[in-house]
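K.L.:
Just so it is clear, I am handing over entry12.cif, which has mmCIF, C-alpha atoms.
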data_query
#
loop_
_atom_site.label_atom_id
_atom_site.label_comp_id
_atom_site.auth_asym_id
_atom_site.auth_seq_id
_atom_site.Cartn_x
_atom_site.Cartn_y
_atom_site.Cartn_z
CA MET A 186 153.15 188.28 83.98
CA ASP A 187 155.02 185.57 85.85
CA PHE A 188 153.66 182.21 84.70
CA SER A 189 155.46 180.33 87.48
CA ASP A 190 152.81 181.68 89.85
CA MET A 191 150.20 179.77 87.89
CA HIS A 192 151.70 176.38 88.74
CA SER A 193 149.31 173.92 90.37
CA LEU A 194 151.91 172.71 92.86
CA PRO A 195 153.51 175.08 95.36
CA GLU A 196 157.26 175.51 95.30
CA TRP A 197 159.25 173.36 97.70
CA ASP A 198 160.20 176.32 99.88
CA GLU A 199 156.55 176.93 100.61
CA HIS A 200 156.26 173.65 102.51
CA ARG A 201 156.31 175.19 105.95
CA MET A 202 155.62 171.80 107.53
CA LEU A 203 159.19 170.73 106.81
CA SER A 204 160.81 173.95 107.98
CA ARG A 205 158.95 173.70 111.30
CA ARG A 206 159.69 169.99 111.56
CA TYR A 207 163.47 170.35 111.31
CA GLU A 208 163.95 173.86 112.63
CA GLY A 209 167.45 174.16 114.06
CA GLU A 210 168.27 170.54 113.16
CA ASP A 211 168.01 170.67 109.39
CA TRP A 212 171.77 170.09 109.17
CA LYS A 213 171.12 166.50 110.31
CA VAL A 214 168.91 165.77 107.32
CA LYS A 215 170.34 168.25 104.82
CA GLU A 216 171.37 165.59 102.27
CA GLN A 217 167.96 163.94 102.46
CA LEU A 218 166.06 167.22 102.20
CA ASN A 219 168.16 168.34 99.24
CA ALA A 220 167.44 165.06 97.45
CA ALA A 221 163.73 165.40 98.26
CA LYS A 222 163.71 168.98 96.99
CA LYS A 223 165.33 167.98 93.68
CA LEU A 224 162.84 165.14 93.29
CA TYR A 225 159.88 167.37 94.14
CA ASN A 226 161.00 170.09 91.73
CA LYS A 227 161.39 167.56 88.92
CA TRP A 228 157.88 166.36 89.73
CA ARG A 229 156.64 169.93 89.39
CA GLU A 230 158.08 169.98 85.85
CA ILE A 231 156.46 166.65 85.01
CA PHE A 232 153.21 167.82 86.58
CA VAL A 233 152.94 170.67 84.06
CA LEU A 234 153.65 168.33 81.15
CA VAL A 235 151.05 165.83 82.32
CA GLU A 236 148.49 168.57 82.96
CA SER A 237 148.94 169.73 79.38
CA TYR A 238 148.78 166.16 78.12
CA CYS A 239 145.48 165.58 79.93
CA GLU A 240 144.00 168.80 78.58
CA THR A 241 144.61 167.58 75.03
CA LEU A 242 143.27 164.04 75.51
CA GLN A 243 140.34 163.32 73.28
CA ASP A 244 138.34 160.39 72.08
CA SER A 245 139.53 158.86 68.83
CA SER A 246 137.46 157.16 66.19
CA GLU A 247 138.38 153.77 67.63
CA TYR A 248 138.51 154.69 71.33
CA ASP A 249 135.95 156.68 73.29
CA GLN A 250 137.20 156.41 76.87
CA ALA A 251 139.67 159.31 76.99
CA GLN A 252 137.82 160.97 79.87
CA LYS A 253 138.14 157.86 82.06
CA ASN A 254 141.84 157.61 81.29
CA LYS A 255 142.25 161.31 82.10
CA GLU A 256 140.72 160.70 85.54
CA LEU A 257 143.12 157.83 86.21
CA ILE A 258 146.09 159.93 85.13
CA TRP A 259 144.96 162.80 87.40
CA GLN A 260 144.62 160.44 90.37
CA ASN A 261 148.19 159.25 89.98
CA LEU A 262 149.50 162.73 89.26
CA PHE A 263 148.16 164.29 92.44
CA ILE A 264 149.45 161.65 94.86
CA VAL A 265 153.19 161.91 94.20
CA ALA A 266 154.02 165.38 95.58
CA PRO A 267 152.33 164.87 98.98
CA LYS A 268 154.10 161.52 99.37
CA ILE A 269 157.50 163.09 98.71
CA ILE A 270 156.74 165.74 101.32
CA SER A 271 155.44 163.14 103.77
CA ALA A 272 158.57 161.02 103.45
CA ALA A 273 160.79 164.10 103.83
CA GLY A 274 158.97 165.07 107.03
CA ASN A 275 159.24 161.64 108.62
CA ASP A 276 162.05 160.09 110.62
CA LEU A 277 160.96 156.46 110.45
CA TYR A 278 162.58 154.39 107.72
CA VAL A 279 159.47 152.23 107.33
CA LEU A 280 157.25 155.25 106.66
CA LYS A 281 159.79 156.78 104.28
CA MET A 282 159.90 153.52 102.33
CA GLU A 283 156.11 153.23 102.34
CA ASN A 284 155.80 156.70 100.85
CA ALA A 285 158.55 155.98 98.33
CA SER A 286 156.82 152.81 97.19
CA ILE A 287 153.57 154.74 96.73
CA VAL A 288 155.45 157.31 94.63
CA ARG A 289 156.97 154.54 92.51
CA ASN A 290 153.63 152.79 92.04
CA ASN A 291 151.79 155.97 91.05
CA CYS A 292 154.52 156.95 88.60
CA ARG A 293 154.38 153.52 87.00
CA GLU A 294 150.58 153.62 86.73
CA LEU A 295 150.65 157.16 85.36
CA LEU A 296 153.10 156.16 82.63
CA GLU A 297 151.03 153.10 81.77
CA GLN A 298 147.94 155.26 81.31
CA ILE A 299 149.85 157.80 79.22
CA ARG A 300 151.34 155.07 77.01
CA PHE A 301 147.90 153.52 76.60
CA THR A 302 146.18 156.76 75.61
CA ALA A 303 148.91 157.44 73.06
CA MET A 304 148.63 153.89 71.74
CA VAL A 305 144.88 154.14 71.16
CA GLY A 306 145.18 157.51 69.46
CA ALA A 307 143.74 159.71 72.20
CA ASN A 308 146.91 161.82 72.14
CA GLU A 309 150.21 162.25 70.32
CA GLU A 310 152.88 159.59 70.88
CA ASN A 311 155.61 162.27 70.74
CA TYR A 312 154.04 164.02 73.73
CA ALA A 313 153.91 160.73 75.64
CA GLU A 314 157.58 160.12 74.80
CA ALA A 315 158.52 163.55 76.16
CA ILE A 316 156.83 162.69 79.46
CA GLU A 317 158.57 159.30 79.51
CA ASN A 318 161.94 161.02 79.02
CA GLU A 319 161.29 163.35 81.95
CA MET A 320 160.14 160.39 84.05
CA ALA A 321 163.48 158.68 83.35
CA VAL A 322 165.23 161.71 84.89
CA PHE A 323 162.76 161.59 87.80
CA ARG A 324 163.53 157.89 88.31
CA GLU A 325 167.26 158.63 88.67
CA LEU A 326 166.55 161.40 91.19
CA PHE A 327 164.21 159.00 92.99
CA LYS A 328 167.03 156.45 93.36
CA GLN A 329 169.32 159.14 94.78
CA TRP A 330 166.58 160.23 97.19
CA VAL A 331 165.86 156.71 98.47
CA ALA A 332 169.60 156.14 98.92
CA THR A 333 169.53 158.89 101.59
CA PHE A 334 167.07 156.93 103.75
CA ARG A 335 168.71 155.38 106.81
CA ARG A 336 167.46 152.20 108.39
CA ASP A 337 166.50 152.46 112.02
CA GLU A 338 165.69 150.00 114.78
CA TYR A 339 161.96 150.25 114.28
CA GLU A 340 160.39 146.93 113.31
CA ASP A 341 157.83 147.01 110.53
CA GLU A 342 154.83 145.28 112.07
CA TRP A 343 153.67 144.32 108.57
CA GLY A 344 157.03 142.82 107.62
CA LEU A 345 157.47 144.76 104.39
CA PHE A 346 160.47 147.03 104.83
CA VAL A 347 162.83 144.96 106.93
#
Once you've parsed the file, please lay out its structure as structure tokens.

P.N.:
Amino acid sequence: MDFSDMHSLPEWDEHRMLSRRYEGEDWKVKEQLNAAKKLYNKWREIFVLVESYCETLQDSSEYDQAQKNKELIWQNLFIVAPKIISAAGNDLYVLKMENASIVRNNCRELLEQIRFTAMVGANEENYAEAIENEMAVFRELFKQWVATFRRDEYEDEWGLFV
């Protein structure tokens, strides 16, 4: 049995939206798509770790809110992959940066929730540390990915990414 088929997130190559989007012109964005693919694939690895972490969360004698924390972790977990894909399928710098900032924010919040649940005894600290280590690798890939974004002439009407 191939356990890779049981993954909750599809493989990068299955994102037909991107192949249709850049058909025949993928050479123009090859560096950016490669960086996005590496980032996405690292997220898939983290996703499995966090899924397992959530499945083992349980109330402790001093803390009985593990289920609420699990829901918050899930919310952050499920947002990242679509935002990577959305940024990869967009030409506008402002929208790429918006998606990247959402990825960053959700990763930060996810780690905060994981650290908190470990701190209150709802899960093992070693497991939380393993996720943190993988997130450090993700963060470096994220920096490489964002470095591939190219500013354009489009003005951000909200004044954020100028």

K.L.:
I'd like the contact shell of Glu319 of chain A - 12 Å cut-off, only C-alpha atoms, skipping same-chain residues fewer than 3 positions apart - returned as a list in words.

P.N.:
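The contact residues come out as Leu224, Asn226, Lys227, Trp228, Arg229, Glu230, Ile231, Phe232, Val233, Leu234, Val235, Cys292, Leu296, Tyr312, Ala313, Glu314, Ala315, Ile316, Val322, Phe323, Arg324, Glu325 and Leu326 of chain A.
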
K.L.:
In Å to one decimal, how far is atom CA of Leu345 of chain A from atom CA of Ala273 of chain A?

P.N.:
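It comes out at 19.6 Å.
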
K.L.:
Quick one: axis-aligned box around all listed atoms of segment 297-312 of chain A, 6 Å on every side, centre and edge lengths in Å to one decimal, written as AutoDock Vina command-line options.

P.N.:
--center_x 149.7 --center_y 158.6 --center_z 75.6 --size_x 23.9 --size_y 22.9 --size_z 24.3

K.L.:
If the PyMOL selection byres ((chain A and resi 299) around 12) is run on the structure shown, which residues does it catch, given as a ChimeraX atom specification?

P.N.:
/A:234-239,241-242,251,254-259,261-262,292-298,300-317,320

K.L.:
Report the distance between atom CA of Ala285 of chain A and atom CA of Lys328 of chain A in Å, rounded to one decimal place.

P.N.:
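For atom CA of Ala285 of chain A relative to atom CA of Lys328 of chain A, the distance reads 9.8 Å.
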
K.L.:
Any idea what the distance is between atom CA of Asp341 of chain A and atom CA of Val279 of chain A?

P.N.:
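Separating atom CA of Asp341 of chain A from atom CA of Val279 of chain A is a distance of 6.3 Å.
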
K.L.:
Residues near segment 334-338 of chain A, anyone? I mean within 10 Å using all atoms listed in the file, not counting same-chain ones fewer than 2 positions away, as a list in words.

P.N.:
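The residues satisfying every condition are Val214, Glu216, Gln217, Ala272, Ala273, Asp276, Leu277, Tyr278, Val279, Lys281, Met282, Gln329, Trp330, Val331, Ala332, Glu340, Asp341, Phe346 and Val347 of chain A.
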
K.L.:
Select, from A:Ala221, A:Leu280, A:Ile287, A:Ala321, the residue with the minimum atom-to-atom distance to Ile264 of chain A, counting only C-alpha atoms.

P.N.:
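Closest to Ile264 of chain A, using only C-alpha atoms: A:Ile287.
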
K.L.:
Determine the nearest neighbour of Leu218 of chain A from the options A:Arg289, A:Asp244, A:Tyr339, A:Trp197, counting all atoms listed in the file.

P.N.:
A:Trp197

K.L.:
Please rebuild segment 216-250 of chain A with N, CA and C atoms and return the result as a PDB file, in the frame of the given file.

P.N.:
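Saved to selection.pdb:
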ATOM      1  N   GLU A 216     171.217 166.392 103.485  1.00  0.00           N
ATOM      2  CA  GLU A 216     171.370 165.590 102.270  1.00  0.00           C
ATOM      3  C   GLU A 216     170.020 165.032 101.807  1.00  0.00           C
ATOM      4  N   GLN A 217     169.268 164.527 102.764  1.00  0.00           N
ATOM      5  CA  GLN A 217     167.960 163.940 102.460  1.00  0.00           C
ATOM      6  C   GLN A 217     166.975 165.000 101.967  1.00  0.00           C
ATOM      7  N   LEU A 218     166.963 166.154 102.613  1.00  0.00           N
ATOM      8  CA  LEU A 218     166.060 167.220 102.200  1.00  0.00           C
ATOM      9  C   LEU A 218     166.434 167.786 100.830  1.00  0.00           C
ATOM     10  N   ASN A 219     167.731 167.880 100.559  1.00  0.00           N
ATOM     11  CA  ASN A 219     168.160 168.340  99.240  1.00  0.00           C
ATOM     12  C   ASN A 219     167.728 167.370  98.145  1.00  0.00           C
ATOM     13  N   ALA A 220     167.865 166.077  98.422  1.00  0.00           N
ATOM     14  CA  ALA A 220     167.440 165.060  97.450  1.00  0.00           C
ATOM     15  C   ALA A 220     165.928 165.110  97.261  1.00  0.00           C
ATOM     16  N   ALA A 221     165.188 165.304  98.344  1.00  0.00           N
ATOM     17  CA  ALA A 221     163.730 165.400  98.260  1.00  0.00           C
ATOM     18  C   ALA A 221     163.322 166.645  97.472  1.00  0.00           C
ATOM     19  N   LYS A 222     164.011 167.740  97.700  1.00  0.00           N
ATOM     20  CA  LYS A 222     163.710 168.980  96.990  1.00  0.00           C
ATOM     21  C   LYS A 222     163.934 168.822  95.485  1.00  0.00           C
ATOM     22  N   LYS A 223     165.056 168.210  95.102  1.00  0.00           N
ATOM     23  CA  LYS A 223     165.330 167.980  93.680  1.00  0.00           C
ATOM     24  C   LYS A 223     164.243 167.101  93.059  1.00  0.00           C
ATOM     25  N   LEU A 224     163.865 166.050  93.779  1.00  0.00           N
ATOM     26  CA  LEU A 224     162.840 165.140  93.290  1.00  0.00           C
ATOM     27  C   LEU A 224     161.503 165.870  93.135  1.00  0.00           C
ATOM     28  N   TYR A 225     161.135 166.614  94.157  1.00  0.00           N
ATOM     29  CA  TYR A 225     159.880 167.370  94.140  1.00  0.00           C
ATOM     30  C   TYR A 225     159.859 168.367  92.981  1.00  0.00           C
ATOM     31  N   ASN A 226     160.953 169.093  92.805  1.00  0.00           N
ATOM     32  CA  ASN A 226     161.000 170.090  91.730  1.00  0.00           C
ATOM     33  C   ASN A 226     160.933 169.455  90.353  1.00  0.00           C
ATOM     34  N   LYS A 227     161.525 168.281  90.190  1.00  0.00           N
ATOM     35  CA  LYS A 227     161.390 167.560  88.920  1.00  0.00           C
ATOM     36  C   LYS A 227     159.934 167.135  88.739  1.00  0.00           C
ATOM     37  N   TRP A 228     159.287 166.739  89.838  1.00  0.00           N
ATOM     38  CA  TRP A 228     157.880 166.360  89.730  1.00  0.00           C
ATOM     39  C   TRP A 228     157.032 167.550  89.302  1.00  0.00           C
ATOM     40  N   ARG A 229     157.368 168.733  89.801  1.00  0.00           N
ATOM     41  CA  ARG A 229     156.640 169.930  89.390  1.00  0.00           C
ATOM     42  C   ARG A 229     156.739 170.126  87.872  1.00  0.00           C
ATOM     43  N   GLU A 230     157.911 169.863  87.301  1.00  0.00           N
ATOM     44  CA  GLU A 230     158.080 169.980  85.850  1.00  0.00           C
ATOM     45  C   GLU A 230     157.226 168.945  85.129  1.00  0.00           C
ATOM     46  N   ILE A 231     157.256 167.729  85.616  1.00  0.00           N
ATOM     47  CA  ILE A 231     156.460 166.650  85.010  1.00  0.00           C
ATOM     48  C   ILE A 231     154.977 166.960  85.166  1.00  0.00           C
ATOM     49  N   PHE A 232     154.608 167.486  86.300  1.00  0.00           N
ATOM     50  CA  PHE A 232     153.210 167.820  86.580  1.00  0.00           C
ATOM     51  C   PHE A 232     152.637 168.722  85.480  1.00  0.00           C
ATOM     52  N   VAL A 233     153.392 169.748  85.092  1.00  0.00           N
ATOM     53  CA  VAL A 233     152.940 170.670  84.060  1.00  0.00           C
ATOM     54  C   VAL A 233     152.785 169.949  82.723  1.00  0.00           C
ATOM     55  N   LEU A 234     153.738 169.090  82.400  1.00  0.00           N
ATOM     56  CA  LEU A 234     153.650 168.330  81.150  1.00  0.00           C
ATOM     57  C   LEU A 234     152.413 167.433  81.136  1.00  0.00           C
ATOM     58  N   VAL A 235     152.179 166.752  82.254  1.00  0.00           N
ATOM     59  CA  VAL A 235     151.050 165.830  82.320  1.00  0.00           C
ATOM     60  C   VAL A 235     149.728 166.592  82.325  1.00  0.00           C
ATOM     61  N   GLU A 236     149.692 167.724  83.009  1.00  0.00           N
ATOM     62  CA  GLU A 236     148.490 168.570  82.960  1.00  0.00           C
ATOM     63  C   GLU A 236     148.147 168.928  81.514  1.00  0.00           C
ATOM     64  N   SER A 237     149.151 169.356  80.780  1.00  0.00           N
ATOM     65  CA  SER A 237     148.940 169.730  79.380  1.00  0.00           C
ATOM     66  C   SER A 237     148.508 168.514  78.563  1.00  0.00           C
ATOM     67  N   TYR A 238     149.141 167.389  78.827  1.00  0.00           N
ATOM     68  CA  TYR A 238     148.780 166.160  78.120  1.00  0.00           C
ATOM     69  C   TYR A 238     147.312 165.824  78.361  1.00  0.00           C
ATOM     70  N   CYS A 239     146.879 165.893  79.597  1.00  0.00           N
ATOM     71  CA  CYS A 239     145.480 165.580  79.930  1.00  0.00           C
ATOM     72  C   CYS A 239     144.509 166.542  79.263  1.00  0.00           C
ATOM     73  N   GLU A 240     144.886 167.808  79.191  1.00  0.00           N
ATOM     74  CA  GLU A 240     144.000 168.800  78.580  1.00  0.00           C
ATOM     75  C   GLU A 240     143.789 168.534  77.096  1.00  0.00           C
ATOM     76  N   THR A 241     144.734 167.839  76.464  1.00  0.00           N
ATOM     77  CA  THR A 241     144.610 167.580  75.030  1.00  0.00           C
ATOM     78  C   THR A 241     144.092 166.171  74.727  1.00  0.00           C
ATOM     79  N   LEU A 242     143.823 165.381  75.751  1.00  0.00           N
ATOM     80  CA  LEU A 242     143.270 164.040  75.510  1.00  0.00           C
ATOM     81  C   LEU A 242     141.896 164.147  74.887  1.00  0.00           C
ATOM     82  N   GLN A 243     141.653 163.319  73.909  1.00  0.00           N
ATOM     83  CA  GLN A 243     140.340 163.320  73.280  1.00  0.00           C
ATOM     84  C   GLN A 243     140.030 161.940  72.737  1.00  0.00           C
ATOM     85  N   ASP A 244     138.766 161.656  72.649  1.00  0.00           N
ATOM     86  CA  ASP A 244     138.340 160.390  72.080  1.00  0.00           C
ATOM     87  C   ASP A 244     138.813 160.299  70.633  1.00  0.00           C
ATOM     88  N   SER A 245     139.170 159.086  70.233  1.00  0.00           N
ATOM     89  CA  SER A 245     139.530 158.860  68.830  1.00  0.00           C
ATOM     90  C   SER A 245     138.403 158.077  68.175  1.00  0.00           C
ATOM     91  N   SER A 246     138.519 157.880  66.902  1.00  0.00           N
ATOM     92  CA  SER A 246     137.460 157.160  66.190  1.00  0.00           C
ATOM     93  C   SER A 246     137.327 155.720  66.670  1.00  0.00           C
ATOM     94  N   GLU A 247     138.408 155.157  67.178  1.00  0.00           N
ATOM     95  CA  GLU A 247     138.380 153.770  67.630  1.00  0.00           C
ATOM     96  C   GLU A 247     138.363 153.624  69.151  1.00  0.00           C
ATOM     97  N   TYR A 248     138.430 154.753  69.864  1.00  0.00           N
ATOM     98  CA  TYR A 248     138.510 154.690  71.330  1.00  0.00           C
ATOM     99  C   TYR A 248     137.767 155.873  71.922  1.00  0.00           C
ATOM    100  N   ASP A 249     136.773 155.597  72.757  1.00  0.00           N
ATOM    101  CA  ASP A 249     135.950 156.680  73.290  1.00  0.00           C
ATOM    102  C   ASP A 249     135.975 156.762  74.816  1.00  0.00           C
ATOM    103  N   GLN A 250     137.096 156.400  75.408  1.00  0.00           N
ATOM    104  CA  GLN A 250     137.200 156.410  76.870  1.00  0.00           C
ATOM    105  C   GLN A 250     138.289 157.377  77.364  1.00  0.00           C
TER     106      GLN A 250
END
